[in-house]
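The file input33.tsv comes next; it holds TSV, C-alpha atoms.
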```
chain	number	residue	atom	x	y	z
D	1	MET	CA	66.27	-18.70	-58.94
D	2	PRO	CA	64.21	-21.74	-57.96
D	3	ASP	CA	61.30	-19.81	-56.50
D	4	VAL	CA	57.58	-19.88	-56.93
D	5	GLN	CA	55.90	-17.13	-58.90
D	6	GLY	CA	55.31	-14.05	-56.78
D	7	GLN	CA	58.02	-14.81	-54.21
D	8	ILE	CA	59.90	-11.62	-53.36
D	9	THR	CA	63.33	-13.12	-52.66
D	10	SER	CA	65.00	-16.53	-52.78
D	11	ASP	CA	65.02	-18.81	-49.77
D	12	HIS	CA	66.96	-21.80	-51.14
D	13	GLY	CA	69.08	-23.02	-53.99
D	14	TRP	CA	68.13	-25.36	-56.82
D	15	ASP	CA	67.79	-29.06	-56.21
D	16	THR	CA	70.15	-29.89	-59.06
D	17	ILE	CA	69.35	-33.59	-58.88
D	18	ALA	CA	65.54	-33.38	-59.00
D	19	ASN	CA	65.67	-30.57	-61.60
D	20	LYS	CA	68.59	-31.93	-63.62
D	21	THR	CA	66.80	-32.26	-66.97
D	22	TYR	CA	65.17	-28.83	-66.73
D	23	LEU	CA	68.48	-27.20	-65.78
D	24	GLN	CA	70.33	-29.02	-68.57
D	25	ASP	CA	67.79	-27.77	-71.11
D	26	MET	CA	67.91	-24.16	-69.87
D	27	ILE	CA	71.69	-24.09	-69.61
D	28	ALA	CA	72.03	-25.53	-73.13
D	29	LEU	CA	69.71	-22.79	-74.39
D	30	PHE	CA	71.75	-20.04	-72.72
D	31	LYS	CA	75.05	-21.53	-73.88
D	32	SER	CA	73.74	-21.68	-77.45
D	33	HIS	CA	73.68	-17.87	-77.22
D	34	ASN	CA	77.16	-17.70	-75.63
D	35	ILE	CA	75.76	-16.78	-72.21
D	36	ARG	CA	77.79	-17.81	-69.16
D	37	THR	CA	75.66	-19.78	-66.71
D	38	SER	CA	75.54	-20.15	-62.95
D	39	VAL	CA	73.21	-22.31	-60.88
D	40	PHE	CA	72.10	-21.08	-57.44
D	41	VAL	CA	72.74	-23.90	-54.91
D	42	ASP	CA	72.74	-24.50	-51.20
D	43	ALA	CA	76.09	-25.32	-49.57
D	44	ASP	CA	75.68	-29.04	-50.19
D	45	VAL	CA	78.33	-31.10	-51.98
D	46	LYS	CA	75.64	-33.25	-53.64
D	47	MET	CA	73.97	-30.15	-55.11
D	48	VAL	CA	77.37	-28.94	-56.37
D	49	GLU	CA	77.97	-32.31	-58.02
D	50	GLY	CA	74.49	-32.18	-59.50
D	51	ALA	CA	75.20	-28.69	-60.84
D	52	LYS	CA	78.26	-30.02	-62.66
D	53	GLU	CA	76.02	-32.54	-64.43
D	54	THR	CA	73.78	-29.75	-65.73
D	55	GLY	CA	76.62	-28.31	-67.80
D	56	THR	CA	76.75	-24.99	-65.95
D	57	ASP	CA	79.89	-22.87	-65.85
D	58	ARG	CA	79.52	-21.78	-62.23
D	59	ILE	CA	77.57	-22.22	-59.06
D	60	GLU	CA	76.32	-19.45	-56.81
D	61	LEU	CA	76.29	-20.47	-53.16
D	62	TYR	CA	73.12	-19.39	-51.35
D	63	THR	CA	74.51	-17.67	-48.23
D	64	GLU	CA	71.43	-16.82	-46.13
D	65	GLU	CA	72.22	-19.45	-43.48
D	66	TYR	CA	75.82	-18.26	-43.29
D	67	ALA	CA	74.67	-14.66	-42.78
D	68	ARG	CA	72.01	-15.64	-40.23
D	69	ARG	CA	74.44	-17.64	-38.07
D	70	PHE	CA	77.55	-15.53	-38.67
D	71	TYR	CA	77.51	-13.56	-35.42
D	72	SER	CA	76.91	-16.56	-33.14
D	73	GLU	CA	78.81	-19.41	-34.82
D	74	LYS	CA	80.80	-18.27	-37.82
D	75	GLU	CA	83.45	-21.01	-37.53
D	76	GLN	CA	80.80	-23.74	-37.72
D	77	VAL	CA	78.52	-22.21	-40.32
D	78	ILE	CA	81.34	-21.58	-42.82
D	79	GLN	CA	82.30	-25.28	-42.99
D	80	PRO	CA	79.61	-26.51	-45.45
D	81	PHE	CA	80.46	-23.57	-47.71
D	82	VAL	CA	84.15	-24.47	-47.63
D	83	SER	CA	83.34	-28.09	-48.49
D	84	ALA	CA	81.02	-27.06	-51.33
D	85	ALA	CA	83.63	-24.64	-52.70
D	86	LYS	CA	86.40	-27.22	-52.57
D	87	ARG	CA	84.23	-29.69	-54.46
D	88	ALA	CA	83.31	-27.05	-57.03
D	89	ASN	CA	87.01	-26.32	-57.54
D	90	GLU	CA	87.72	-30.05	-58.02
D	91	LEU	CA	84.95	-30.22	-60.62
D	92	GLY	CA	86.14	-27.12	-62.48
D	93	LEU	CA	83.12	-25.00	-61.59
D	94	GLY	CA	83.51	-21.29	-60.93
D	95	ILE	CA	82.16	-20.05	-57.60
D	96	ASN	CA	79.88	-17.10	-56.93
D	97	ALA	CA	77.98	-16.41	-53.72
D	98	GLY	CA	75.11	-14.30	-52.56
D	99	HIS	CA	72.24	-13.55	-50.20
D	100	ASP	CA	72.52	-11.37	-47.09
D	101	LEU	CA	76.24	-10.74	-47.48
D	102	ASN	CA	77.25	-7.41	-45.96
D	103	LEU	CA	80.19	-5.37	-44.64
D	104	ASP	CA	80.29	-7.43	-41.44
D	105	ASN	CA	80.33	-10.95	-42.88
D	106	LEU	CA	81.84	-10.57	-46.35
D	107	LYS	CA	85.55	-10.53	-45.49
D	108	PHE	CA	85.39	-13.71	-43.38
D	109	PHE	CA	83.48	-15.46	-46.16
D	110	LYS	CA	85.99	-14.38	-48.81
D	111	GLN	CA	88.93	-15.50	-46.66
D	112	HIS	CA	87.53	-19.01	-46.28
D	113	ILE	CA	86.06	-19.79	-49.70
D	114	PRO	CA	88.72	-21.01	-52.12
D	115	GLY	CA	88.20	-19.78	-55.66
D	116	LEU	CA	85.44	-17.25	-54.95
D	117	LEU	CA	84.99	-15.24	-58.17
D	118	GLU	CA	81.93	-13.03	-57.63
D	119	VAL	CA	79.49	-12.00	-54.93
D	120	SER	CA	75.94	-10.73	-55.32
D	121	ILE	CA	75.16	-7.96	-52.89
D	122	GLY	CA	72.12	-5.78	-53.34
D	123	HIS	CA	70.08	-4.90	-50.30
D	124	ALA	CA	72.96	-4.33	-47.87
D	125	LEU	CA	74.97	-2.31	-50.38
D	126	ILE	CA	72.09	0.01	-51.21
D	127	SER	CA	71.17	0.36	-47.53
D	128	ASP	CA	74.76	1.24	-46.65
D	129	ALA	CA	74.87	3.69	-49.56
D	130	LEU	CA	72.07	5.69	-47.94
D	131	TYR	CA	74.47	6.45	-45.07
D	132	PHE	CA	77.89	6.42	-46.75
D	133	GLY	CA	77.10	7.39	-50.34
D	134	LEU	CA	77.23	4.96	-53.26
D	135	GLU	CA	80.85	5.55	-54.31
D	136	ASN	CA	82.15	5.19	-50.74
D	137	THR	CA	80.03	2.10	-50.13
D	138	VAL	CA	81.30	0.35	-53.26
D	139	GLN	CA	84.87	1.03	-52.12
D	140	LEU	CA	84.09	-0.33	-48.63
D	141	TYR	CA	82.79	-3.57	-50.14
D	142	LEU	CA	85.73	-3.89	-52.51
D	143	ARG	CA	88.12	-3.58	-49.55
D	144	GLN	CA	86.38	-6.50	-47.87
D	145	LEU	CA	87.09	-8.64	-50.93
D	146	LYS	CA	90.82	-7.95	-51.11
```
Could you write out this structure as structure tokens?
Amino acid sequence: MPDVQGQITSDHGWDTIANKTYLQDMIALFKSHNIRTSVFVDADVKMVEGAKETGTDRIELYTEEYARRFYSEKEQVIQPFVSAAKRANELGLGINAGHDLNLDNLKFFKQHIPGLLEVSIGHALISDALYFGLENTVQLYLRQLK
């Protein structure tokens, strides 16, 4: 994650253009140990294209803005994510997504993002598990992804 030391959670994706050399070096190091790589990016086609140049296997779309605007303007807020995903598909990059995804907004996201492979859900899943139990909660999330 492209955050400063001591930051509790991410608030943006990597600038894959400004940090290209650093990301190339780190990705090469991980790949030398047969580790699959993914670069956390905002829903910006230029950042997706920059990620491709780093040599990464996948991108992970930073979804905080989507989650924040989901209830008031989901049709508009999904569009940059769709564009970024389409470009990632064209470039042969796998697509992950994460940040503030939950039982309310996950299904709509999945339905609109072509090629979505993985989602990162932590806080919402654990919070829901306090009410529904962990096993039930995992099943609820899996249903949203079908």
- Item | CA of Lys46 in chain D to CA of Pro80 in chain D, straight-line distance in Å |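 Interatomic distance, CA of Pro80 in chain D to CA of Lys46 in chain D: 11.3 Å.
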- Using CA of Val41 in chain D and CA of Leu140 in chain D as the two end points, give the distance in Å to one decimal.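 These two atoms are separated by 26.9 Å.
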- Nearest residue to Arg69 in chain D from the set D:Leu101, D:Tyr131, D:Lys52, D:Leu23 (distances using all atoms listed in the file):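 Of the candidates, the smallest distance to Arg69 in chain D is held by D:Leu101.
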- How many Å separate CA of Ser83 in chain D from CA of Lys31 in chain D? 27.5 Å
Contact check, range 43-85 of chain D to range 120-125 of chain D, at most 12 Å, counting all atoms listed in the file, closest pairs as a Markdown table:
```
| residue | atom | partner | partner_atom | distance |
| --- | --- | --- | --- | --- |
| D:Glu60 | CA | D:Ser120 | CA | 8.9 |
| D:Leu61 | CA | D:Ser120 | CA | 10.0 |
| D:Tyr62 | CA | D:Ser120 | CA | 9.9 |
| D:Thr63 | CA | D:Ser120 | CA | 10.0 |
| D:Glu64 | CA | D:Ile121 | CA | 11.8 |
| D:Ala67 | CA | D:Ala124 | CA | 11.6 |
```
Saved selection, atoms kept: C-alpha atoms, as a CSV table (one decimal), in the frame of the given file:
```csv
chain,number,residue,atom,x,y,z
D,60,GLU,CA,76.3,-19.4,-56.8
D,61,LEU,CA,76.3,-20.5,-53.2
D,62,TYR,CA,73.1,-19.4,-51.4
D,63,THR,CA,74.5,-17.7,-48.2
D,64,GLU,CA,71.4,-16.8,-46.1
D,67,ALA,CA,74.7,-14.7,-42.8
```
- What lies within 10 Å of range 112-115 of chain D using all atoms listed in the file, ignoring chain neighbours under 2 positions off, as a list in words?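 Residues meeting the cut-off are Glu75, Ile78, Gln79, Phe81, Val82, Ser83, Ala84, Ala85, Lys86, Ala88, Asn89, Leu93, Gly94, Ile95, Asn96, Ala97, Lys107, Phe108, Phe109, Lys110, Leu117 and Glu118 of chain D.
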- Message: Measuring between all atoms listed in the file, which one of D:Ser10, D:Thr54, D:Ser127, D:Thr37 shows the shortest distance to Asp25 in chain D?
- Response: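 Ranking D:Ser10, D:Thr54, D:Ser127, D:Thr37 by distance to Asp25 in chain D, first place goes to D:Thr54.
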- Query: Using only C-alpha atoms, which of the listed residues (D:Lys20, D:His99, D:Arg143, D:Arg68) sits closest to Ala51 in chain D?
  - Reply: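 Among the listed residues, D:Lys20 lies closest to Ala51 in chain D.
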- Between D:Ala18, D:Leu116, D:Glu53, D:Asp104, which is the closest to Tyr141 in chain D once you count all atoms listed in the file?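 Of D:Ala18, D:Leu116, D:Glu53, D:Asp104, the one nearest Tyr141 in chain D, counting all atoms listed in the file, is D:Asp104.
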Fewer than 4 positions away in the same chain doesn't count, so skip those; otherwise give me all residues within 12 Å of Asp15 in chain D, counting all atoms listed in the file, as a compact mmCIF listing (two decimals) with C-alpha atoms, keeping the file's coordinate frame.
```txt
# COMPACT_ATOMS: atom_id res chain seq x y z
CA MET D 1 66.27 -18.70 -58.94
CA PRO D 2 64.21 -21.74 -57.96
CA ASP D 3 61.30 -19.81 -56.50
CA ASN D 19 65.67 -30.57 -61.60
CA LYS D 20 68.59 -31.93 -63.62
CA THR D 21 66.80 -32.26 -66.97
CA TYR D 22 65.17 -28.83 -66.73
CA LEU D 23 68.48 -27.20 -65.78
CA VAL D 39 73.21 -22.31 -60.88
CA PHE D 40 72.10 -21.08 -57.44
CA VAL D 41 72.74 -23.90 -54.91
CA ASP D 42 72.74 -24.50 -51.20
CA ALA D 43 76.09 -25.32 -49.57
CA ASP D 44 75.68 -29.04 -50.19
CA VAL D 45 78.33 -31.10 -51.98
CA LYS D 46 75.64 -33.25 -53.64
CA MET D 47 73.97 -30.15 -55.11
CA VAL D 48 77.37 -28.94 -56.37
CA GLU D 49 77.97 -32.31 -58.02
CA GLY D 50 74.49 -32.18 -59.50
CA ALA D 51 75.20 -28.69 -60.84
CA THR D 54 73.78 -29.75 -65.73
```
- Which one is closest to Asp128 in chain D: D:Gln144, D:Ser38, D:Asn102, D:Ser32? Count only C-alpha atoms. D:Asn102
